2 protein chains.
Amino acid sequence: MLVISERINGLFNSVGRAIDKRDARFIQEHASYQVECGAQALDLNVGPGRDDGPAAMDWLVRTVQEVVDLPLSIDTPGIKTMTAGIKACRNRVIINSTTAEVRKMQALFPLAKEHDADIICLTMDERGVPNDAESRAEMAMLMMTTAMEHEVMPDRLFLDPLVMPIKAAQDQVMKVIKAMELFRTLNDPAPRIVVGLSNVSNGAKERSLLNRTFLGMLLGAGLSAAIVDVQDPQLMDVIKAGELLRAEKLYCDDFLRA
Amino acid sequence: MLVISERINGLFNSVGRAIDKRDARFIQEHASYQVECGAQALDLNVGPGRDDGPAAMDWLVRTVQEVVDLPLSIDTPGIKTMTAGIKACRNRVIINSTTAEVRKMQALFPLAKEHDADIICLTMDERGVPNDAESRAEMAMLMMTTAMEHEVMPDRLFLDPLVMPIKAAQDQVMKVIKAMELFRTLNDPAPRIVVGLSNVSNGAKERSLLNRTFLGMLLGAGLSAAIVDVQDPQLMDVIKAGELLRAEKLYCDDFLRA
C-alpha cells in the first residue's frame, strides 16, 4: 500500500506559520521526519484562504524536494495553485484532487495528461458527497470515462470514496467499504482506491484507535493508498502487519523492524 | 459481532490440569473472567487425547454454567463428547463444528436440529482445507443445502473460512477474505461467518498486532462472530471501535468505557 503523509499541511499551525515565513529549515526537517516515519509519498497543502497560493505551493514543492526524493501529492482546490505545484515537481506527481464536477474534470484531466500525473478522483460533485455507495460508484465511472476521453488511463487514477467523520455521519462509514467493493468491479484490473483516513475520527475521542481500526477494515476491502498520520506509530504498525497479511511483503519474524 | 472466548480450552496447561482434577473453582473463576473481559459466548474444549472426553465435557459445561449465563460453544471433533456437552447445556448451544465430510454432516446436523443449536461449518473435508476461496464457497454451499435437508435453516449456521497461520501459509490469509466475499453471495440475508482468529498468528511474533490487524480486515469484510483471546485488551479495543465503525453501536465519546 502507498503510504502518503498528511502532515505537510498549512492547516497545522506550525506548518502554516512556516509557509508564511518561508522557513525552509522547518519544512525540510518536518518533511524528512515523515520519511523516517515511513511515508512513501508526501501530501502538500498550503492551507486555505491564502492570497499567495500559487507562489506558496511553488516554494513548498521546491523546498521539500531539496531533501525528499518521493512522489508528491499536490493538495489544493485551486487550479492556479495546482498548476504551480505540478510545474515545480521533479518527481512523480499526484493531483489531489478532482471531483466529478465537469468544470474541474475539464481543467484537471488535461493537466494530468500534460504532466503525466496520477490523479485522485473524489466521488462527489457540486451537490456534495452522495449518501449511498451506488451513487459514489456512478461518479467513479463517470470520472473514469471522462479521464479516458482526455487520454488519462484508469491506471493513473486513485478513486476516493470519501471518508466522513463517524461523529457526524456514523452511517456513512460502512458505505465507504461498500463503495470500494463497487469500485473494484468497475475495471479489470481493479481501479486503485485511496482515502484520507483521519477524517473518520474528526472531532472524536480515541482518534488513533478509530483510525487504525478503520484502516484495517479498508485494507481488507482492497485499499491501494492512504493519506495518513505517519507520525502515529500504532497506525504504522497496523500498516506493516496489514502488508504481511495481504502478502505484499514476505513474512519474517522481525517484520516490525525490517 | 458475537465475541466468543477461546480461553476455556484444555490445550492451555492450566485449564487442562483443572479439567483433570475437576477443579471447579479454577474453571469458574476463569470463566467469569472471560465475561468481565467482554466475552458474549464461551468456547469449551476439553483438549485432545482424553479417555474421558464425554464425562469431562459434561462436567465442564455444568461447572461453567453455574456461574456464566451465556451461550456455550461445544468444541470437539468427537461425536460422543459433543453429544454429552450439548445435553448438559441449559442455554443456547453452538456446535463447534462440522466439516463438509458426509459422515460428520449426517451426525451433526440432526443433532443441531434435535437440540435447536447453532452450528459452525468448517469449509474443509476429508481432503483437508482447500487452497482457494472458490472451493471453500462450494463446500459452504454443500453444507448449507445438506443442513436444510436436515431442517437446519441457514440462519442457524456459522460458515468458517478457516484461518491459516501466516507463518506457514501467508498466501492463504487473503483467501479467507475472498472466501467471505463469496460466502456473502450464497444466501439473502448473507450467511453468518465466524473465524478462529488466533490461528493467523500461530508460531509468529507480534501475535497481538497480527490478530487485531487481521480482525480489522475481517470486520470490514462482514465478519459476524469470532473466537478470540478476550484477555487481549488491545484486541477488545479494536472490537469496540469496529462495532462503532460498523454502526452496530451508537457512537459516543466514551465508547471504550461504555
# chains A, B, ... in the order shown; residues from 1 in each chain; ligands from 1

$ interface_residues --of "chain A" --to "chain B" --cutoff "9 Å" --atoms "only C-alpha atoms" --output "ChimeraX atom specification"
/A:166-167,170-174,177,200,204-206,209-210,212-221,237-239,241-242,244-247,250-256

$ residues_around --residues "Val176 of chain B" --least-positions-apart "3" --cutoff "7 Å" --atoms "only C-alpha atoms" --output "PyMOL selection string"
chain B and resi 133+161-163+172-173+179-180

$ write_last_selection --atoms "C-alpha atoms" --output "CSV table (one decimal), in the first residue's frame"
chain,number,residue,atom,x,y,z
B,133,ALA,CA,-11.6,-19.3,-1.9
B,161,PRO,CA,-13.5,-20.0,6.0
B,162,LEU,CA,-10.6,-21.4,8.1
B,163,VAL,CA,-7.9,-19.0,9.0
B,172,GLN,CA,-3.9,-18.2,2.4
B,173,VAL,CA,-4.6,-15.1,4.5
B,179,ALA,CA,-14.0,-16.7,0.6
B,180,MET,CA,-16.0,-14.4,2.9

$ closest_residue --among "B:Ser73, B:Leu159, B:Lys80, B:Glu138" --to "Val194 of chain B" --atoms "only C-alpha atoms"
B:Leu159

$ residues_around --residues "Ala226 of chain A" --least-positions-apart "4" --cutoff "7 Å" --atoms "only C-alpha atoms" --output "list in words"
Leu2, Val3, Ile4, Val194, Val195, Gly196 and Leu197 of chain A

$ closest_residue --among "A:Asp160, A:Asp132, A:Asp229, A:Asp155" --to "Ile8 of chain A" --atoms "only C-alpha atoms"
A:Asp229

$ atom_distance --atom1 "atom CA of Leu70 of chain A" --atom2 "atom CA of Cys37 of chain A"
13.6 Å

$ select_by_dssp --residues "segment 86-245 of chain B" --states "alpha helix (DSSP H)" --output "ChimeraX atom specification"
/B:86-88,102-114,133-149,173-184,207-220,233-245

$ residues_around --residues "Arg90 of chain A" --least-positions-apart "2" --cutoff "8 Å" --atoms "only C-alpha atoms" --output "PyMOL selection string"
chain A and resi 65+88+92

$ atom_distance --atom1 "atom CA of Pro130 of chain A" --atom2 "atom CA of Pro48 of chain A"
24.0 Å

$ atom_distance --atom1 "atom CA of Val129 of chain A" --atom2 "atom CA of Arg184 of chain B"
27.4 Å

$ closest_residue --among "B:Thr99, B:Ser14, B:Asn9, B:Ser224" --to "Ile74 of chain B" --atoms "only C-alpha atoms"
B:Asn9

$ closest_residue --among "B:Ala56, B:Asp118, B:Ala112, B:Arg7" --to "Arg192 of chain B" --atoms "only C-alpha atoms"
B:Asp118

$ residues_around --residues "Arg25 of chain B" --least-positions-apart "5" --cutoff "12 Å" --atoms "only C-alpha atoms" --output "JSON, numbers by chain"
{"B": [15, 18, 19, 30, 31, 32, 60, 63, 64, 66, 67]}

$ residues_around --residues "Ala140 of chain B" --least-positions-apart "5" --cutoff "8 Å" --atoms "only C-alpha atoms" --output "list in words"
Ala100, Cys121, Leu122, Thr123, Leu159 and Phe183 of chain B

$ residues_around --residues "Ser5 of chain B" --least-positions-apart "3" --cutoff "8 Å" --atoms "only C-alpha atoms" --output "list in words"
Ile8, Gln34, Ala39, Gln40, Ala41, Leu42, Asp43, Ile227, Val228, Asp229 and Val230 of chain B
